[in-house]
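As structure tokens, the structure follows; a few thoughts come after it.
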Amino acid sequence: MTPRYYIMKKISFSLNDANTRAWVYQALILAVVVYFVWYLVDNTLHNLAARNIQTGFAFLDKEAGFAIGESLIDYNLTDTYWQAIKVGIFNTLLVSFVGIVLATLLGTVIGVARLSANWLVNKLAAIYVEVMRNIPLLIHLFFWYSLLTENLPNPRQALNPIDGVFLSNRGIKIPALIGDSVSWMLVGLLFALIASVIFSFWAKHKQNKTGKTTAVFSISLAFFVIFPVLAALLSGWQLDVVKPELKGFNFVNGWHFSPELAALLLGLVLYTAAFIAEIVRSGIQSVNKGQWEAGESLGLSRLKTLRLIIMPQAVRVMIPAMSNTFMNFTKNSSLAVAIGYPDIVSIVNTMLTQTGQAIEAVMIIMLAYFTISISIAVFMAWYNKRMALVER
């Protein structure tokens, strides 16, 4: 075969060639999808123009004019819709981050309890899992919201389980840290996080090279104590603890957690923990029983065997399912609108009612949840790759 004939064969576009057919079919499918999207967009714009409905995102710079009960950032009635959307995003991120951490911790404990040799612990964990995951999440939220708002006393008769902590139907009040050193302490926490990550990589490199382990958890925990305290000292220790005080019909000062936020976290965490517990249980059971026997032969207690030998292997199995559960947790937080917590869905719905910009509102909600979910997916994919076994 001459080189010229070979080249002519390689660039042949005959439909008898499998590769050519594959490219043609993919091009046709792509053309159909593009045409379908174009048709939907063109038809939508035509109908909106025929009804004289304004489109675009210029309204985001207009004054919102509605109040938001809870906000992690500054917000008032004269701020723009864009500022209101940022409030909703931060509120959604707060619920997602705190809830995922709490649900993972609780689910891990219950998942391990499901495998306990103690009959009572095992059955109680099994009952929890079956009850919690078979009740719709919306019912969970309504139950906890009703419990907090109807059964807790009013602020004048608020429960005071710990000094400075008050529980009432207006929410939970706890002492607050104020002062210029608070921002410095947050920077210290960020440095502690960075130091912990760097230290964990170094400890793993050391273990691979020498076989010696390092107390990564204990030292990382020390970082999270030392760095914020050191930052507060360097900034002059300008800190004050302000306790809540009853004035009139409600409390002032201190940090406030509304019944809506508390009910949302309780419902989401208790519901999701049941699914995480099953993921943890199945992950542990996927590890060969010989690994338990190996730990016992080394003189390790059952708890140390679980922590040092079983869990590192089980995590590799659990990560994909955990990733889906974390993303579902974030998307399930959109049910906050049912109990009045101002997340991104609730705030954009109010914005939609005022402006009538339905398509833009839905796009904002979709983009917000897509961004959060894809960030979780990317992080979990990175973690899965880091934890995967490397074949030689």
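All residue names refer to the structure tokens as shown: chains lettered A, B, ... in order, residues numbered from 1 in each chain, ligands numbered from 1 in order.
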**Report entry** Who sits within 8 Å of region 146-159 of chain A, only C-alpha atoms, same chain under 2 positions skipped, as JSON, numbers by chain
**Finding:** {"A": [142, 143, 144, 161, 166, 167, 168, 169, 170, 171, 246, 249, 250, 251, 259, 263]}
Requested in this report: Compile the contact shell of region 224-226 of chain A as an NGL selection string: residues with an atom at most 12 Å away, counting only C-alpha atoms, same-chain residues fewer than 5 positions apart removed.
Outcome: :A and (185-197 or 217-219 or 231-233)
Report task. Write down as a ChimeraX atom specification the residues of region 228-389 of chain A whose backbone DSSP state falls under alpha helix (DSSP H). Result -> /A:228-234,259-285,289-297,302-305,311-332,344-355,358-387
**Report entry** Nearest to Pro244 (chain A), chosen from A:His256, A:Ser373, A:Phe90, A:Ala22, with only C-alpha atoms counted in the distances
**Finding:**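 When distances to Pro244 (chain A) are compared using only C-alpha atoms, the smallest one comes from A:His256.
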Report task. Pick out the residues sitting within 9 Å of region 71-79 of chain A, and hand them over as a PyMOL selection string; count only C-alpha atoms, and ignore anything fewer than 6 positions along from it in its own chain. Result -> chain A and resi 61-65+86-88+90-91+94+342
I'd like the contact shell of Ala388 (chain A) - 10 Å cut-off, only C-alpha atoms, skipping same-chain residues fewer than 4 positions apart - returned as a compact mmCIF listing (two decimals) with all heavy atoms, in the first residue's frame.
```
# COMPACT_ATOMS: atom_id res chain seq x y z
N GLN A 313 -10.75 2.31 54.21
CA GLN A 313 -11.11 1.50 53.05
C GLN A 313 -12.58 1.69 52.67
O GLN A 313 -12.94 1.74 51.49
CB GLN A 313 -10.85 0.03 53.34
CG GLN A 313 -9.38 -0.29 53.63
CD GLN A 313 -9.16 -1.76 53.95
OE1 GLN A 313 -9.32 -2.62 53.10
NE2 GLN A 313 -8.80 -2.04 55.20
N VAL A 315 -14.40 4.37 53.11
CA VAL A 315 -14.64 5.71 52.56
C VAL A 315 -14.58 5.69 51.04
O VAL A 315 -15.34 6.40 50.36
CB VAL A 315 -13.64 6.72 53.15
CG1 VAL A 315 -13.60 7.99 52.33
CG2 VAL A 315 -14.01 7.04 54.59
N ARG A 316 -13.69 4.90 50.48
CA ARG A 316 -13.56 4.84 49.02
C ARG A 316 -14.85 4.36 48.36
O ARG A 316 -15.17 4.75 47.24
CB ARG A 316 -12.41 3.92 48.64
CG ARG A 316 -11.05 4.39 49.16
CD ARG A 316 -9.92 3.54 48.61
NE ARG A 316 -8.64 4.00 49.10
CZ ARG A 316 -7.98 3.43 50.10
NH1 ARG A 316 -8.49 2.36 50.70
NH2 ARG A 316 -6.82 3.91 50.50
N VAL A 317 -15.58 3.50 49.05
CA VAL A 317 -16.85 3.01 48.53
C VAL A 317 -17.96 4.02 48.76
O VAL A 317 -18.88 4.16 47.95
CB VAL A 317 -17.21 1.66 49.20
CG1 VAL A 317 -18.54 1.13 48.70
CG2 VAL A 317 -16.10 0.65 48.98
N TRP A 382 -12.64 15.34 43.25
CA TRP A 382 -11.24 15.51 43.62
C TRP A 382 -10.89 14.63 44.82
O TRP A 382 -9.85 13.95 44.84
CB TRP A 382 -10.96 16.98 43.95
CG TRP A 382 -9.63 17.20 44.62
CD1 TRP A 382 -8.41 17.29 44.02
CD2 TRP A 382 -9.39 17.31 46.03
NE1 TRP A 382 -7.43 17.47 44.96
CE2 TRP A 382 -7.99 17.49 46.20
CE3 TRP A 382 -10.22 17.30 47.15
CZ2 TRP A 382 -7.42 17.64 47.46
CZ3 TRP A 382 -9.66 17.45 48.41
CH2 TRP A 382 -8.27 17.62 48.55
N TYR A 383 -11.78 14.62 45.80
CA TYR A 383 -11.53 13.82 47.00
C TYR A 383 -11.54 12.33 46.67
O TYR A 383 -10.73 11.56 47.20
CB TYR A 383 -12.59 14.14 48.06
CG TYR A 383 -12.35 13.48 49.39
CD1 TYR A 383 -11.23 13.78 50.15
CD2 TYR A 383 -13.25 12.53 49.88
CE1 TYR A 383 -11.00 13.16 51.37
CE2 TYR A 383 -13.04 11.92 51.12
CZ TYR A 383 -11.91 12.24 51.84
OH TYR A 383 -11.70 11.62 53.05
N ASN A 384 -12.45 11.93 45.80
CA ASN A 384 -12.52 10.52 45.38
C ASN A 384 -11.23 10.11 44.68
O ASN A 384 -10.70 9.01 44.91
CB ASN A 384 -13.72 10.33 44.45
CG ASN A 384 -13.94 8.87 44.10
OD1 ASN A 384 -13.73 7.99 44.93
ND2 ASN A 384 -14.34 8.62 42.87
```
Query raised in the report: So which residues touch Ala336 (chain A) within 9 Å, counting only C-alpha atoms, skipping near sequence neighbours fewer than 5 positions away, as a VMD selection string?
Result: chain A and resid 141 260 to 261 264 341 to 343 345 to 346
Please produce an output containing N, CA and C atoms for each residue in the selection, written as a CSV table (one decimal), in the first residue's frame.
```
chain,number,residue,atom,x,y,z
A,141,LEU,N,-40.3,19.1,58.1
A,141,LEU,CA,-40.1,20.5,58.3
A,141,LEU,C,-41.3,21.1,59.0
A,260,GLU,N,-37.5,29.3,62.0
A,260,GLU,CA,-37.4,28.8,60.6
A,260,GLU,C,-36.1,28.1,60.3
A,261,LEU,N,-35.0,28.8,60.7
A,261,LEU,CA,-33.7,28.2,60.5
A,261,LEU,C,-33.5,26.9,61.3
A,264,LEU,N,-35.6,24.1,59.8
A,264,LEU,CA,-35.1,23.7,58.5
A,264,LEU,C,-33.9,22.8,58.8
A,341,TYR,N,-38.4,30.4,55.7
A,341,TYR,CA,-37.0,30.8,55.8
A,341,TYR,C,-36.5,31.4,54.5
A,342,PRO,N,-35.8,32.6,54.6
A,342,PRO,CA,-35.5,33.4,53.4
A,342,PRO,C,-34.3,32.8,52.6
A,343,ASP,N,-34.5,31.7,52.0
A,343,ASP,CA,-33.4,31.2,51.1
A,343,ASP,C,-33.5,31.8,49.7
A,345,VAL,N,-34.8,30.6,47.0
A,345,VAL,CA,-36.1,30.4,46.3
A,345,VAL,C,-37.1,31.4,46.9
A,346,SER,N,-37.1,31.5,48.2
A,346,SER,CA,-38.1,32.4,48.8
A,346,SER,C,-37.9,33.8,48.4
```
Check the DSSP output for the backbone and give back, as a compact mmCIF listing (two decimals) with C-alpha atoms, in the first residue's frame, the residues of region 193-355 of chain A in strand (DSSP E or B).
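And here's states.txt as it stands now:
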```txt
# COMPACT_ATOMS: atom_id res chain seq x y z
CA ASP A 240 -16.59 41.37 74.31
CA VAL A 241 -19.19 38.73 75.06
CA VAL A 242 -22.68 40.21 74.84
CA GLU A 245 -31.37 40.66 77.29
CA LEU A 246 -35.15 40.73 77.48
CA LYS A 247 -36.50 44.15 76.55
CA ASN A 250 -38.43 40.12 72.80
CA PHE A 251 -34.70 39.69 73.35
CA VAL A 252 -32.05 42.09 72.12
CA TRP A 255 -26.81 35.93 68.12
CA HIS A 256 -30.26 34.94 66.95
CA PHE A 257 -31.38 31.72 65.30
```
**Report entry** Atomic separation - CA of Gly267 (chain A) relative to CA of Ala117 (chain A), Å
**Finding:**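 Computed distance, CA of Ala117 (chain A) to CA of Gly267 (chain A), equals 29.1 Å.
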